[in-house]
>>> print(open('work-v2.cif').read())   # mmCIF, N, CA and C atoms and all ligand atoms
data_my_file
loop_
_atom_site.group_PDB
_atom_site.id
_atom_site.type_symbol
_atom_site.label_atom_id
_atom_site.label_comp_id
_atom_site.auth_asym_id
_atom_site.auth_seq_id
_atom_site.Cartn_x
_atom_site.Cartn_y
_atom_site.Cartn_z
ATOM 1 N N MET A 1 -20.354 18.927 31.788
ATOM 2 C CA MET A 1 -18.888 18.872 31.757
ATOM 3 C C MET A 1 -18.380 18.958 30.322
ATOM 4 N N PRO A 2 -18.110 20.121 29.916
ATOM 5 C CA PRO A 2 -17.726 20.324 28.502
ATOM 6 C C PRO A 2 -16.466 19.555 28.130
ATOM 7 N N ARG A 3 -15.552 19.462 29.087
ATOM 8 C CA ARG A 3 -14.275 18.808 28.765
ATOM 9 C C ARG A 3 -14.490 17.340 28.432
ATOM 10 N N ARG A 4 -15.292 16.679 29.278
ATOM 11 C CA ARG A 4 -15.533 15.255 29.046
ATOM 12 C C ARG A 4 -16.255 15.055 27.709
ATOM 13 N N LYS A 5 -17.140 15.984 27.423
ATOM 14 C CA LYS A 5 -17.913 15.875 26.196
ATOM 15 C C LYS A 5 -16.983 15.905 24.968
ATOM 16 N N SER A 6 -16.043 16.827 24.989
ATOM 17 C CA SER A 6 -15.176 16.929 23.823
ATOM 18 C C SER A 6 -14.274 15.700 23.706
ATOM 19 N N LYS A 7 -13.902 15.150 24.860
ATOM 20 C CA LYS A 7 -13.093 13.934 24.825
ATOM 21 C C LYS A 7 -13.871 12.793 24.176
ATOM 22 N N ALA A 8 -15.133 12.685 24.566
ATOM 23 C CA ALA A 8 -15.962 11.621 24.005
ATOM 24 C C ALA A 8 -16.088 11.785 22.500
ATOM 25 N N ARG A 9 -16.179 13.003 22.082
ATOM 26 C CA ARG A 9 -16.317 13.244 20.658
ATOM 27 C C ARG A 9 -15.057 12.786 19.908
ATOM 28 N N GLU A 10 -13.913 13.044 20.537
ATOM 29 C CA GLU A 10 -12.675 12.593 19.922
ATOM 30 C C GLU A 10 -12.629 11.079 19.819
ATOM 31 N N ALA A 11 -13.104 10.430 20.881
ATOM 32 C CA ALA A 11 -13.025 8.975 20.929
ATOM 33 C C ALA A 11 -13.862 8.324 19.844
ATOM 34 N N VAL A 12 -14.863 9.039 19.366
ATOM 35 C CA VAL A 12 -15.722 8.470 18.327
ATOM 36 C C VAL A 12 -14.899 8.090 17.103
ATOM 37 N N GLY A 13 -13.873 8.883 16.833
ATOM 38 C CA GLY A 13 -13.075 8.633 15.654
ATOM 39 C C GLY A 13 -12.143 7.439 15.789
ATOM 40 N N VAL A 14 -11.914 7.005 17.009
ATOM 41 C CA VAL A 14 -10.971 5.909 17.210
ATOM 42 C C VAL A 14 -11.589 4.596 16.764
ATOM 43 N N GLY A 15 -10.862 3.856 15.975
ATOM 44 C CA GLY A 15 -11.337 2.547 15.557
ATOM 45 C C GLY A 15 -12.238 2.578 14.341
ATOM 46 N N ARG A 16 -12.629 3.759 13.942
ATOM 47 C CA ARG A 16 -13.454 3.830 12.734
ATOM 48 C C ARG A 16 -12.536 3.852 11.513
ATOM 49 N N PRO A 17 -13.065 3.402 10.396
ATOM 50 C CA PRO A 17 -12.252 3.498 9.190
ATOM 51 C C PRO A 17 -11.966 4.967 8.896
ATOM 52 N N VAL A 18 -10.735 5.289 8.864
ATOM 53 C CA VAL A 18 -10.349 6.672 8.635
ATOM 54 C C VAL A 18 -9.908 6.817 7.184
ATOM 55 N N ARG A 19 -10.300 7.886 6.592
ATOM 56 C CA ARG A 19 -9.850 8.145 5.222
ATOM 57 C C ARG A 19 -8.355 8.462 5.268
ATOM 58 N N VAL A 20 -7.593 7.555 4.749
ATOM 59 C CA VAL A 20 -6.143 7.743 4.754
ATOM 60 C C VAL A 20 -5.735 8.363 3.426
ATOM 61 N N VAL A 21 -5.026 9.438 3.537
ATOM 62 C CA VAL A 21 -4.608 10.123 2.321
ATOM 63 C C VAL A 21 -3.615 9.259 1.549
ATOM 64 N N GLY A 22 -2.949 8.391 2.265
ATOM 65 C CA GLY A 22 -1.956 7.534 1.630
ATOM 66 C C GLY A 22 -0.681 7.570 2.434
ATOM 67 N N TYR A 23 -0.027 6.439 2.483
ATOM 68 C CA TYR A 23 1.233 6.407 3.209
ATOM 69 C C TYR A 23 2.319 5.993 2.238
ATOM 70 N N GLN A 24 3.503 6.306 2.602
ATOM 71 C CA GLN A 24 4.629 5.891 1.779
ATOM 72 C C GLN A 24 5.781 5.544 2.692
ATOM 73 N N ARG A 25 6.452 4.470 2.377
ATOM 74 C CA ARG A 25 7.602 4.084 3.189
ATOM 75 C C ARG A 25 8.615 3.415 2.273
ATOM 76 N N VAL A 26 9.746 3.087 2.827
ATOM 77 C CA VAL A 26 10.762 2.390 2.046
ATOM 78 C C VAL A 26 11.025 1.038 2.693
ATOM 79 N N ASP A 27 10.887 -0.016 1.905
ATOM 80 C CA ASP A 27 11.194 -1.371 2.350
ATOM 81 C C ASP A 27 12.429 -1.855 1.608
ATOM 82 N N THR A 28 13.035 -2.895 2.130
ATOM 83 C CA THR A 28 14.145 -3.504 1.408
ATOM 84 C C THR A 28 13.713 -4.860 0.863
ATOM 85 N N TRP A 29 14.249 -5.187 -0.275
ATOM 86 C CA TRP A 29 13.967 -6.476 -0.901
ATOM 87 C C TRP A 29 15.167 -6.819 -1.767
ATOM 88 N N GLY A 30 15.736 -7.958 -1.523
ATOM 89 C CA GLY A 30 16.874 -8.389 -2.309
ATOM 90 C C GLY A 30 18.051 -7.440 -2.194
ATOM 91 N N GLY A 31 18.182 -6.799 -1.031
ATOM 92 C CA GLY A 31 19.294 -5.897 -0.820
ATOM 93 C C GLY A 31 19.104 -4.541 -1.469
ATOM 94 N N GLU A 32 17.918 -4.316 -2.036
ATOM 95 C CA GLU A 32 17.649 -3.031 -2.662
ATOM 96 C C GLU A 32 16.516 -2.332 -1.931
ATOM 97 N N GLU A 33 16.460 -1.028 -2.088
ATOM 98 C CA GLU A 33 15.413 -0.260 -1.427
ATOM 99 C C GLU A 33 14.275 0.007 -2.390
ATOM 100 N N TRP A 34 13.075 -0.168 -1.888
ATOM 101 C CA TRP A 34 11.869 -0.018 -2.698
ATOM 102 C C TRP A 34 10.920 0.956 -2.000
ATOM 103 N N VAL A 35 10.407 1.876 -2.754
ATOM 104 C CA VAL A 35 9.397 2.771 -2.225
ATOM 105 C C VAL A 35 8.062 2.039 -2.282
ATOM 106 N N VAL A 36 7.353 2.038 -1.180
ATOM 107 C CA VAL A 36 6.071 1.349 -1.091
ATOM 108 C C VAL A 36 5.004 2.370 -0.761
ATOM 109 N N ARG A 37 4.054 2.534 -1.654
ATOM 110 C CA ARG A 37 2.976 3.489 -1.417
ATOM 111 C C ARG A 37 1.655 2.742 -1.320
ATOM 112 N N GLY A 38 0.933 3.024 -0.279
ATOM 113 C CA GLY A 38 -0.350 2.370 -0.078
ATOM 114 C C GLY A 38 -1.438 2.992 -0.934
ATOM 115 N N VAL A 39 -2.275 2.144 -1.508
ATOM 116 C CA VAL A 39 -3.449 2.610 -2.233
ATOM 117 C C VAL A 39 -4.661 2.151 -1.441
ATOM 118 N N GLN A 40 -5.475 3.103 -1.031
ATOM 119 C CA GLN A 40 -6.608 2.734 -0.199
ATOM 120 C C GLN A 40 -7.712 2.088 -1.034
ATOM 121 N N ALA A 41 -8.584 1.357 -0.340
ATOM 122 C CA ALA A 41 -9.706 0.726 -1.017
ATOM 123 C C ALA A 41 -10.490 1.778 -1.783
ATOM 124 N N GLY A 42 -10.820 1.472 -3.006
ATOM 125 C CA GLY A 42 -11.534 2.427 -3.826
ATOM 126 C C GLY A 42 -10.616 3.404 -4.525
ATOM 127 N N GLY A 43 -9.316 3.279 -4.281
ATOM 128 C CA GLY A 43 -8.367 4.224 -4.838
ATOM 129 C C GLY A 43 -7.858 3.857 -6.219
ATOM 130 N N SER A 44 -8.225 2.678 -6.700
ATOM 131 C CA SER A 44 -7.775 2.277 -8.030
ATOM 132 C C SER A 44 -8.964 2.141 -8.961
ATOM 133 N N THR A 45 -8.721 2.410 -10.232
ATOM 134 C CA THR A 45 -9.818 2.383 -11.202
ATOM 135 C C THR A 45 -9.565 1.376 -12.314
ATOM 136 N N LYS A 46 -8.476 0.613 -12.180
ATOM 137 C CA LYS A 46 -8.238 -0.435 -13.161
ATOM 138 C C LYS A 46 -7.588 -1.626 -12.491
ATOM 139 N N GLU A 47 -7.565 -2.745 -13.212
ATOM 140 C CA GLU A 47 -6.947 -3.941 -12.650
ATOM 141 C C GLU A 47 -5.453 -3.942 -12.935
ATOM 142 N N TYR A 48 -4.723 -4.536 -12.020
ATOM 143 C CA TYR A 48 -3.283 -4.675 -12.196
ATOM 144 C C TYR A 48 -2.913 -6.118 -11.961
ATOM 145 N N ARG A 49 -1.752 -6.507 -12.446
ATOM 146 C CA ARG A 49 -1.285 -7.862 -12.184
ATOM 147 C C ARG A 49 -0.231 -7.823 -11.095
ATOM 148 N N CYS A 50 -0.487 -8.567 -10.047
ATOM 149 C CA CYS A 50 0.419 -8.598 -8.902
ATOM 150 C C CYS A 50 1.610 -9.495 -9.226
ATOM 151 N N PRO A 51 2.824 -8.966 -9.141
ATOM 152 C CA PRO A 51 4.009 -9.782 -9.451
ATOM 153 C C PRO A 51 4.262 -10.870 -8.410
ATOM 154 N N GLY A 52 3.658 -10.720 -7.251
ATOM 155 C CA GLY A 52 3.906 -11.683 -6.182
ATOM 156 C C GLY A 52 3.204 -13.003 -6.420
ATOM 157 N N CYS A 53 1.975 -12.945 -6.938
ATOM 158 C CA CYS A 53 1.199 -14.169 -7.115
ATOM 159 C C CYS A 53 0.739 -14.353 -8.555
ATOM 160 N N ASP A 54 1.013 -13.371 -9.399
ATOM 161 C CA ASP A 54 0.635 -13.419 -10.804
ATOM 162 C C ASP A 54 -0.885 -13.480 -10.985
ATOM 163 N N HIS A 55 -1.593 -12.887 -10.042
ATOM 164 C CA HIS A 55 -3.037 -12.769 -10.170
ATOM 165 C C HIS A 55 -3.409 -11.286 -10.219
ATOM 166 N N GLU A 56 -4.653 -11.038 -10.597
ATOM 167 C CA GLU A 56 -5.060 -9.643 -10.735
ATOM 168 C C GLU A 56 -5.333 -8.989 -9.384
ATOM 169 N N VAL A 57 -4.974 -7.714 -9.319
ATOM 170 C CA VAL A 57 -5.393 -6.876 -8.203
ATOM 171 C C VAL A 57 -6.692 -6.224 -8.669
ATOM 172 N N ALA A 58 -7.788 -6.621 -8.075
ATOM 173 C CA ALA A 58 -9.088 -6.171 -8.564
ATOM 174 C C ALA A 58 -9.292 -4.672 -8.347
ATOM 175 N N ILE A 59 -10.151 -4.109 -9.146
ATOM 176 C CA ILE A 59 -10.467 -2.689 -9.031
ATOM 177 C C ILE A 59 -11.020 -2.395 -7.634
ATOM 178 N N GLY A 60 -10.517 -1.344 -7.038
ATOM 179 C CA GLY A 60 -11.061 -0.882 -5.768
ATOM 180 C C GLY A 60 -10.506 -1.578 -4.540
ATOM 181 N N VAL A 61 -9.611 -2.541 -4.744
ATOM 182 C CA VAL A 61 -9.032 -3.251 -3.603
ATOM 183 C C VAL A 61 -7.800 -2.505 -3.109
ATOM 184 N N ALA A 62 -7.714 -2.350 -1.801
ATOM 185 C CA ALA A 62 -6.533 -1.704 -1.223
ATOM 186 C C ALA A 62 -5.303 -2.557 -1.510
ATOM 187 N N HIS A 63 -4.245 -1.916 -1.939
ATOM 188 C CA HIS A 63 -3.019 -2.650 -2.254
ATOM 189 C C HIS A 63 -1.833 -1.697 -2.131
ATOM 190 N N VAL A 64 -0.677 -2.119 -2.578
ATOM 191 C CA VAL A 64 0.490 -1.236 -2.528
ATOM 192 C C VAL A 64 1.107 -1.099 -3.909
ATOM 193 N N VAL A 65 1.694 0.049 -4.143
ATOM 194 C CA VAL A 65 2.440 0.303 -5.368
ATOM 195 C C VAL A 65 3.912 0.379 -4.978
ATOM 196 N N VAL A 66 4.743 -0.334 -5.723
ATOM 197 C CA VAL A 66 6.138 -0.489 -5.329
ATOM 198 C C VAL A 66 7.060 -0.148 -6.489
ATOM 199 N N TRP A 67 8.108 0.593 -6.192
ATOM 200 C CA TRP A 67 9.126 0.841 -7.208
ATOM 201 C C TRP A 67 10.484 1.034 -6.562
ATOM 202 N N ARG A 68 11.497 0.907 -7.380
ATOM 203 C CA ARG A 68 12.865 1.034 -6.894
ATOM 204 C C ARG A 68 13.128 2.444 -6.385
ATOM 205 N N ALA A 69 13.684 2.518 -5.175
ATOM 206 C CA ALA A 69 13.915 3.822 -4.570
ATOM 207 C C ALA A 69 15.118 4.532 -5.176
ATOM 208 N N ASP A 70 16.040 3.753 -5.708
ATOM 209 C CA ASP A 70 17.300 4.360 -6.148
ATOM 210 C C ASP A 70 17.339 4.623 -7.648
ATOM 211 N N ARG A 71 16.196 4.457 -8.293
ATOM 212 C CA ARG A 71 16.156 4.698 -9.729
ATOM 213 C C ARG A 71 15.222 5.862 -10.025
ATOM 214 N N PRO A 72 15.733 6.894 -10.670
ATOM 215 C CA PRO A 72 14.864 8.025 -11.004
ATOM 216 C C PRO A 72 13.693 7.583 -11.876
ATOM 217 N N GLU A 73 13.941 6.579 -12.716
ATOM 218 C CA GLU A 73 12.883 6.121 -13.610
ATOM 219 C C GLU A 73 12.027 5.050 -12.942
ATOM 220 N N GLY A 74 12.329 4.782 -11.680
ATOM 221 C CA GLY A 74 11.646 3.691 -10.995
ATOM 222 C C GLY A 74 10.138 3.845 -10.941
ATOM 223 N N VAL A 75 9.670 5.080 -10.814
ATOM 224 C CA VAL A 75 8.233 5.300 -10.699
ATOM 225 C C VAL A 75 7.513 4.819 -11.953
ATOM 226 N N ALA A 76 8.161 5.008 -13.091
ATOM 227 C CA ALA A 76 7.539 4.577 -14.338
ATOM 228 C C ALA A 76 7.431 3.056 -14.407
ATOM 229 N N ALA A 77 8.296 2.378 -13.658
ATOM 230 C CA ALA A 77 8.306 0.913 -13.666
ATOM 231 C C ALA A 77 7.623 0.356 -12.430
ATOM 232 N N ARG A 78 6.809 1.153 -11.791
ATOM 233 C CA ARG A 78 6.182 0.709 -10.549
ATOM 234 C C ARG A 78 5.229 -0.453 -10.811
ATOM 235 N N ARG A 79 5.092 -1.279 -9.796
ATOM 236 C CA ARG A 79 4.239 -2.451 -9.901
ATOM 237 C C ARG A 79 3.220 -2.440 -8.770
ATOM 238 N N HIS A 80 2.063 -2.973 -9.064
ATOM 239 C CA HIS A 80 0.997 -3.036 -8.068
ATOM 240 C C HIS A 80 0.959 -4.431 -7.457
ATOM 241 N N TRP A 81 1.051 -4.474 -6.172
ATOM 242 C CA TRP A 81 1.077 -5.741 -5.432
ATOM 243 C C TRP A 81 -0.120 -5.805 -4.497
ATOM 244 N N HIS A 82 -0.630 -7.044 -4.275
ATOM 245 C CA HIS A 82 -1.518 -7.241 -3.140
ATOM 246 C C HIS A 82 -0.695 -6.961 -1.881
ATOM 247 N N THR A 83 -1.307 -6.350 -0.905
ATOM 248 C CA THR A 83 -0.568 -6.043 0.322
ATOM 249 C C THR A 83 0.049 -7.298 0.953
ATOM 250 N N PRO A 84 -0.702 -8.390 1.096
ATOM 251 C CA PRO A 84 -0.078 -9.596 1.695
ATOM 252 C C PRO A 84 1.012 -10.191 0.817
ATOM 253 N N CYS A 85 0.899 -10.049 -0.490
ATOM 254 C CA CYS A 85 1.946 -10.581 -1.369
ATOM 255 C C CYS A 85 3.242 -9.806 -1.180
ATOM 256 N N TRP A 86 3.120 -8.501 -1.008
ATOM 257 C CA TRP A 86 4.337 -7.720 -0.779
ATOM 258 C C TRP A 86 4.973 -8.119 0.548
ATOM 259 N N ARG A 87 4.154 -8.397 1.553
ATOM 260 C CA ARG A 87 4.707 -8.828 2.835
ATOM 261 C C ARG A 87 5.433 -10.160 2.697
ATOM 262 N N ARG A 88 4.976 -10.969 1.744
ATOM 263 C CA ARG A 88 5.610 -12.282 1.552
ATOM 264 C C ARG A 88 6.614 -12.246 0.412
ATOM 265 N N ARG A 89 7.072 -11.068 0.045
ATOM 266 C CA ARG A 89 7.897 -10.929 -1.155
ATOM 267 C C ARG A 89 9.179 -11.742 -1.101
ATOM 268 N N ASP A 90 9.647 -12.032 0.116
ATOM 269 C CA ASP A 90 10.890 -12.761 0.210
ATOM 270 C C ASP A 90 10.785 -14.174 -0.351
ATOM 271 N N VAL A 91 9.576 -14.715 -0.378
ATOM 272 C CA VAL A 91 9.416 -16.051 -0.944
ATOM 273 C C VAL A 91 8.869 -15.970 -2.369
ATOM 274 N N ALA A 92 8.539 -14.774 -2.802
ATOM 275 C CA ALA A 92 8.048 -14.622 -4.175
ATOM 276 C C ALA A 92 9.229 -14.634 -5.133
ATOM 277 N N GLN A 93 8.975 -15.129 -6.303
ATOM 278 C CA GLN A 93 10.025 -15.087 -7.307
ATOM 279 C C GLN A 93 10.036 -13.723 -7.944
ATOM 280 N N ARG A 94 11.205 -13.235 -8.137
ATOM 281 C CA ARG A 94 11.303 -11.919 -8.731
ATOM 282 C C ARG A 94 11.139 -12.028 -10.231
ATOM 283 N N ARG A 95 10.117 -11.389 -10.744
ATOM 284 C CA ARG A 95 9.830 -11.485 -12.168
ATOM 285 C C ARG A 95 10.192 -10.206 -12.907
ATOM 286 N N PHE A 96 10.769 -9.279 -12.191
ATOM 287 C CA PHE A 96 11.129 -8.039 -12.887
ATOM 288 C C PHE A 96 12.368 -7.451 -12.257
HETATM 289 ZN ZN ZN B 101 -0.718 -11.032 -5.208
#
>>> encode(input="work-v2.cif", output="structure tokens")
Amino acid sequence: MPRRKSKAREAVGVGRPVRVVGYQRVDTWGGEEWVVRGVQAGGSTKEYRCPGCDHEVAIGVAHVVVWRADRPEGVAARRHWHTPCWRRRDVAQRRF
């Protein structure tokens, strides 16, 4: 049954870690819009300081890069956040 076979082959990919090229979305924080871009594990080659917890984002850890959506220069001021810290940003103190 060739049809069933091809279906099974498709199913193999489900639930496996998929190489994500990267996602981007816009979140709101403090009444402003922020572009949030995901960085996949292994996608970073240096450490960053997370503004949410003031700790380092270790090399190779999946995290998010965030910048102001309404500022043309926002990308230059982008900050690297731990993914859970960005989710908890409403309780984080804004340091920038
Ligand atoms: Zn953090």
>>> atom_distance(input="work-v2.cif", atom1="atom C of A:Thr83", atom2="atom CA of A:Gly52")
9.2 Å
>>> closest_atom_pairs(input="work-v2.cif", of="chain A", to="ligand ZN 101 (chain B)", cutoff="6.5 Å", atoms="only N, CA and C atoms and all ligand atoms", output="CSV")
residue,atom,partner,partner_atom,distance
A:Cys50,CA,B:ZN101,ZN,4.6
A:Pro51,N,B:ZN101,ZN,5.7
A:Gly52,C,B:ZN101,ZN,4.6
A:Cys53,N,B:ZN101,ZN,3.7
A:Asp54,N,B:ZN101,ZN,5.1
A:His55,N,B:ZN101,ZN,5.3
A:Trp81,C,B:ZN101,ZN,5.3
A:His82,N,B:ZN101,ZN,4.1
A:Thr83,N,B:ZN101,ZN,6.4
A:Pro84,C,B:ZN101,ZN,6.3
A:Cys85,CA,B:ZN101,ZN,4.7
A:Trp86,N,B:ZN101,ZN,6.2
>>> resolve_selection(input="work-v2.cif", expression="the PyMOL selection byres (((chain A and resi 34) around 8) and not hetatm)", output="ChimeraX atom specification")
/A:25-29,31-33,35-37,65-70
>>> axis_aligned_box(input="work-v2.cif", around="stretch 73-77 of chain A", padding_each_side="8 Å", output="lines of an AutoDock Vina configuration file")
center_x = 10.7
center_y = 3.5
center_z = -12.6
size_x = 22.5
size_y = 22.2
size_z = 19.7
>>> atom_distance(input="work-v2.cif", atom1="atom C of A:Gly60", atom2="atom C of A:Val39")
7.6 Å
>>> atom_distance(input="work-v2.cif", atom1="atom CA of A:Arg87", atom2="atom CA of A:Gly38")
12.6 Å
>>> select_by_dssp(input="work-v2.cif", residues="stretch 17-66 of chain A", states="strand (DSSP E or B)", output="list in words")
Gln24, Arg25, Val26, Asp27, Thr28, Trp29, Glu32, Glu33, Trp34, Val35, Val36, Arg37, Gly38, Val39, Tyr48, Arg49, Glu56, Val57, His63, Val64, Val65 and Val66 of chain A
